[in-house]
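Participant: Here it is, the structure in full.
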Amino acid sequence: MNRPPAEFTSVSPEALRPFVSRVFQAAGMPAEQAELRGVFSHGTRQVSAYMGHFREGRLTPTPEVRVVEERATSVTLDGDGGLGYFPAHRAAEMLGPKALEHGIACALTRNHGHFGAAGIYSRIPLRHGLFCYVTSGHQLDLRPGKSVLEAAGGSPMSFALPTAAEPPFVLDFGAMHDLYAGSKHVDQIIELAPGTVFRSIGLGAVCQALGGFLAGVPVDPERAERRWSGANQGSFMIAVDLRLFMPEEEFTREMDEYSRRVRELAPLAGFDQALLPGTLEWQREQQYAREGIPISPPHAEALRRLAEESGLEAPV
């Protein structure tokens, strides 16, 4: 579950954004902005890992992202050994106009590292009132005797649907995150809900096939040919104009009513709200913009170490 830290210090976006930008610039990268939607597994928590990739030569901080093939309804981008944010963001931006013109469009990115949360990109075509699906895959290392759970890879994916007055519907998750090695209760989950586990593996396999194999990431790491060893990921996106099937206002009216009715349902035990996907992140984004982003003590310490390494003043 993606929960805010119980103990934290609030840091304003106005302080965190320029800090992250300066850290990336110190590594030779163009300015980056912090992610404010409350996805605690990503955002600034990943910056230290990214700097390690640059220092150790696994990724380049100065990639030249390029379009390698473009058609009326598709585009393929090469990330040139950098982080996946750059080609994935550009691909998502290109999807909107193509899908608006032709009704459907897809994009593929390859030869890059981590691209963060899939929901970053599904929200971009959503601005045009489009449905969007985004996923990513990475290099697997499947050897005899390993657990079948590893077949699903990292399994990030996001589905986004437009609304009118209600917060946009954005389902942004990793199918296997509760089943990673070292996660709590893995054995109990397998015993109590094997069907759920098999569905998670299946969803992860789809992510790996479309975001990995299709993007040139082979099953066998021995067959991988890379200039930058950390450029072992790809992504796949598809956007659809739902107006092909129904007037936009009719669909978004139904989505709004759906959202309102779900809020009136009884929440799961241990939770205080019943919400559609995307609502909680939308609420947090508004709250953090006003009150600051909650930074846990370990996160704060990581930012202070990062500041020291970069010769900067930490924001917390």
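Letters A, B, ... go to the chains of the structure tokens in the order shown; residues in each chain start at 1; ligands are counted from 1 in the same order.
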From the DSSP assignment of the backbone, select every residue of stretch 49-223 of chain A that is helix (DSSP H, G or I), and format the answer as a VMD selection string.

Facilitator: chain A and resid 49 to 55 85 to 102 119 to 126 148 to 152 177 to 179 186 to 192 194 to 211 213 to 215 221 to 223

Participant: So which bits of stretch 115-150 of chain A end up strand (DSSP E) when you DSSP the backbone, as a PyMOL selection string?

Facilitator: chain A and resi 131-138

Participant: Looking at only C-alpha atoms, which of A:Gly204, A:Gly292, A:Gly174, A:Gly195 is the one that sits closest to A:Ala117?

Facilitator: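 For A:Ala117, the nearest of the given residues is A:Gly174.
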
Participant: Can you pull out every residue within 12 Å of A:Arg127, counting only C-alpha atoms, but drop anything in the same chain fewer than 6 positions away, and send it as a CSV table (one decimal) with C-alpha atoms, in the first residue's frame?

Facilitator:
```
chain,number,residue,atom,x,y,z
A,92,ALA,CA,2.9,10.5,-23.8
A,93,GLU,CA,2.8,14.0,-25.1
A,95,LEU,CA,0.0,10.3,-28.1
A,96,GLY,CA,-2.7,12.9,-27.5
A,97,PRO,CA,-2.7,14.7,-30.9
A,100,LEU,CA,-7.5,12.8,-31.3
A,120,ILE,CA,2.8,10.1,-14.6
A,121,TYR,CA,2.3,9.3,-18.3
A,160,ALA,CA,-6.6,6.5,-16.9
A,161,LEU,CA,-10.2,7.5,-17.7
A,162,PRO,CA,-11.7,11.0,-18.1
A,163,THR,CA,-14.3,12.4,-15.7
A,164,ALA,CA,-16.0,15.8,-15.7
A,168,PRO,CA,-9.9,11.8,-12.8
A,169,PHE,CA,-9.9,8.0,-12.6
A,239,ALA,CA,-4.4,6.1,-26.0
A,241,ASP,CA,-10.6,8.5,-28.0
```

Participant: A:Glu222: which residues within 12 Å, counting only C-alpha atoms, same-chain residues fewer than 3 positions away excluded, as an mmCIF file with N, CA and C atoms, in the first residue's frame?

Facilitator:
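This is the output file result-v9.cif:
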```cif
data_model
loop_
_atom_site.group_PDB
_atom_site.id
_atom_site.type_symbol
_atom_site.label_atom_id
_atom_site.label_comp_id
_atom_site.auth_asym_id
_atom_site.auth_seq_id
_atom_site.Cartn_x
_atom_site.Cartn_y
_atom_site.Cartn_z
ATOM 1 N N GLN A 139 14.810 -5.837 -17.605
ATOM 2 C CA GLN A 139 15.581 -7.054 -17.823
ATOM 3 C C GLN A 139 15.325 -8.070 -16.717
ATOM 4 N N LEU A 140 14.884 -9.246 -17.089
ATOM 5 C CA LEU A 140 14.713 -10.342 -16.148
ATOM 6 C C LEU A 140 15.988 -11.179 -16.075
ATOM 7 N N ASP A 141 16.068 -11.992 -15.031
ATOM 8 C CA ASP A 141 17.174 -12.938 -14.891
ATOM 9 C C ASP A 141 16.580 -14.245 -14.367
ATOM 10 N N LEU A 142 15.908 -14.969 -15.260
ATOM 11 C CA LEU A 142 15.170 -16.163 -14.879
ATOM 12 C C LEU A 142 16.066 -17.392 -14.999
ATOM 13 N N VAL A 217 14.037 -5.661 -24.929
ATOM 14 C CA VAL A 217 14.683 -6.228 -23.743
ATOM 15 C C VAL A 217 14.501 -7.741 -23.805
ATOM 16 N N PRO A 218 15.554 -8.515 -24.074
ATOM 17 C CA PRO A 218 15.389 -9.956 -24.278
ATOM 18 C C PRO A 218 15.149 -10.707 -22.973
ATOM 19 N N VAL A 219 14.571 -11.898 -23.074
ATOM 20 C CA VAL A 219 14.398 -12.739 -21.890
ATOM 21 C C VAL A 219 15.751 -13.077 -21.285
ATOM 22 N N GLU A 225 22.339 -6.290 -25.733
ATOM 23 C CA GLU A 225 23.448 -5.483 -26.239
ATOM 24 C C GLU A 225 23.179 -4.028 -25.862
ATOM 25 N N ARG A 226 23.944 -3.520 -24.873
ATOM 26 C CA ARG A 226 23.691 -2.186 -24.349
ATOM 27 C C ARG A 226 24.998 -1.425 -24.169
ATOM 28 N N SER A 229 24.631 -0.143 -19.134
ATOM 29 C CA SER A 229 24.084 -1.363 -18.541
ATOM 30 C C SER A 229 22.749 -1.124 -17.842
#
```

Participant: Give me the residues of stretch 93-178 of chain A that have any atom at most 12 Å from an atom of stretch 60-70 of chain A; for each, the nearest atom pair and the distance in Å, rounded to one decimal. Use only C-alpha atoms, sort by chain and number, and format it as CSV.

Facilitator:
```
residue,atom,partner,partner_atom,distance
A:Met94,CA,A:Glu70,CA,10.2
A:Leu95,CA,A:Glu70,CA,11.2
A:Lys98,CA,A:Glu70,CA,10.7
A:Ala105,CA,A:Glu70,CA,11.0
A:Cys106,CA,A:Glu70,CA,10.3
A:Ala107,CA,A:Glu70,CA,9.1
A:Leu108,CA,A:Glu69,CA,9.8
A:Thr109,CA,A:Val67,CA,9.2
A:Arg110,CA,A:Val65,CA,10.1
A:Asn111,CA,A:Val65,CA,9.8
A:His112,CA,A:Pro63,CA,9.1
A:Gly113,CA,A:Thr60,CA,9.6
```

Participant: So how many Å separate atom CA of A:Met255 and atom CA of A:Val206, to one decimal?

Facilitator: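 These atoms are spaced 26.6 Å apart.
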
Participant: For A:Val134, work out the shell of residues within 9 Å, counting only C-alpha atoms and skipping chain neighbours fewer than 6 positions away, then give it as a list of chain:residue names.

Facilitator: A:Ala118, A:Gly119, A:Tyr121, A:Ser122, A:Pro156, A:Met157, A:Ser158, A:Phe159, A:Ala160, A:Cys207, A:Gly211, A:Ser235, A:Phe236, A:Met237, A:Ile238, A:Ala239

Participant: Residues at most 12 Å from A:Arg143, counting only C-alpha atoms, excluding those fewer than 3 positions away in the same chain, as number ranges by chain?

Facilitator: A: 140, 146-148, 150-151, 219-221

Participant: Rounded to one decimal, what separation in Å do you get between atom CA of A:Leu179 and atom CA of A:Thr135?

Facilitator: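 So the two atoms, atom CA of A:Leu179 and atom CA of A:Thr135, lie 18.4 Å apart.
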
Participant: Show me, as an mmCIF file with N, CA and C atoms, in the first residue's frame, the residues that have an atom within 10 Å of A:Ala274 when counting only C-alpha atoms, minus same-chain residues fewer than 2 positions from it.

Facilitator:
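part-v3.cif was written with the following content:
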```
data_model
loop_
_atom_site.group_PDB
_atom_site.id
_atom_site.type_symbol
_atom_site.label_atom_id
_atom_site.label_comp_id
_atom_site.auth_asym_id
_atom_site.auth_seq_id
_atom_site.Cartn_x
_atom_site.Cartn_y
_atom_site.Cartn_z
ATOM 1 N N SER A 259 -18.286 7.734 -9.417
ATOM 2 C CA SER A 259 -17.393 8.166 -8.354
ATOM 3 C C SER A 259 -18.172 8.585 -7.111
ATOM 4 N N ARG A 260 -19.243 9.340 -7.300
ATOM 5 C CA ARG A 260 -20.034 9.807 -6.160
ATOM 6 C C ARG A 260 -20.694 8.646 -5.422
ATOM 7 N N ARG A 261 -21.212 7.674 -6.184
ATOM 8 C CA ARG A 261 -21.877 6.539 -5.553
ATOM 9 C C ARG A 261 -20.895 5.644 -4.804
ATOM 10 N N VAL A 262 -19.692 5.497 -5.344
ATOM 11 C CA VAL A 262 -18.681 4.699 -4.653
ATOM 12 C C VAL A 262 -18.322 5.338 -3.321
ATOM 13 N N ARG A 263 -18.252 6.656 -3.260
ATOM 14 C CA ARG A 263 -17.931 7.346 -2.006
ATOM 15 C C ARG A 263 -18.964 7.075 -0.916
ATOM 16 N N GLU A 264 -20.164 6.716 -1.313
ATOM 17 C CA GLU A 264 -21.227 6.451 -0.344
ATOM 18 C C GLU A 264 -21.239 5.003 0.135
ATOM 19 N N LEU A 265 -20.380 4.165 -0.440
ATOM 20 C CA LEU A 265 -20.301 2.771 -0.032
ATOM 21 C C LEU A 265 -19.477 2.628 1.242
ATOM 22 N N ALA A 266 -19.667 1.495 1.920
ATOM 23 C CA ALA A 266 -18.888 1.226 3.130
ATOM 24 C C ALA A 266 -17.454 0.870 2.738
ATOM 25 N N PRO A 267 -16.451 1.517 3.346
ATOM 26 C CA PRO A 267 -15.056 1.208 3.001
ATOM 27 C C PRO A 267 -14.625 -0.145 3.547
ATOM 28 N N LEU A 268 -13.490 -0.623 3.076
ATOM 29 C CA LEU A 268 -12.906 -1.847 3.603
ATOM 30 C C LEU A 268 -12.546 -1.670 5.071
ATOM 31 N N PHE A 271 -10.045 1.074 6.785
ATOM 32 C CA PHE A 271 -9.961 2.268 5.946
ATOM 33 C C PHE A 271 -11.157 3.166 6.238
ATOM 34 N N ASP A 272 -10.963 4.459 6.037
ATOM 35 C CA ASP A 272 -12.026 5.401 6.387
ATOM 36 C C ASP A 272 -12.754 5.983 5.182
ATOM 37 N N LEU A 276 -12.751 5.629 -5.725
ATOM 38 C CA LEU A 276 -12.229 5.079 -6.966
ATOM 39 C C LEU A 276 -10.740 5.405 -7.078
ATOM 40 N N PRO A 277 -9.982 4.607 -7.847
ATOM 41 C CA PRO A 277 -8.566 4.894 -8.040
ATOM 42 C C PRO A 277 -8.334 6.300 -8.592
ATOM 43 N N THR A 279 -8.555 9.152 -6.884
ATOM 44 C CA THR A 279 -9.120 10.196 -6.026
ATOM 45 C C THR A 279 -8.185 10.528 -4.874
ATOM 46 N N LEU A 280 -7.657 9.507 -4.223
ATOM 47 C CA LEU A 280 -6.783 9.751 -3.078
ATOM 48 C C LEU A 280 -5.529 10.514 -3.499
#
```

Participant: Using only C-alpha atoms, pick whichever of A:Val240, A:Ala27, A:Ala314, A:Ile295 has the shortest atom-to-atom distance to A:Gly57.

Facilitator: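 Smallest separation from A:Gly57 among the options: A:Ala27.
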
Participant: Using Å and a single decimal, report how far atom CA of A:Leu306 sits from atom CA of A:Thr9.

Facilitator: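 Straight-line distance from atom CA of A:Thr9 to atom CA of A:Leu306 works out to 17.2 Å.
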
Participant: So which one's closest to A:Gln46, A:Ala224, A:Gly116, A:Leu214, A:Gln273? Using only C-alpha atoms, please.

Facilitator: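 Ranked by minimum distance to A:Gln46, first place goes to A:Gly116.
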
Participant: For a quick check of understanding, using only C-alpha atoms, which of A:Leu149, A:Leu244, A:Ile189, A:Val47 has the smallest distance to A:Leu16?

Facilitator: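 Result for the nearest residue to A:Leu16: A:Val47.
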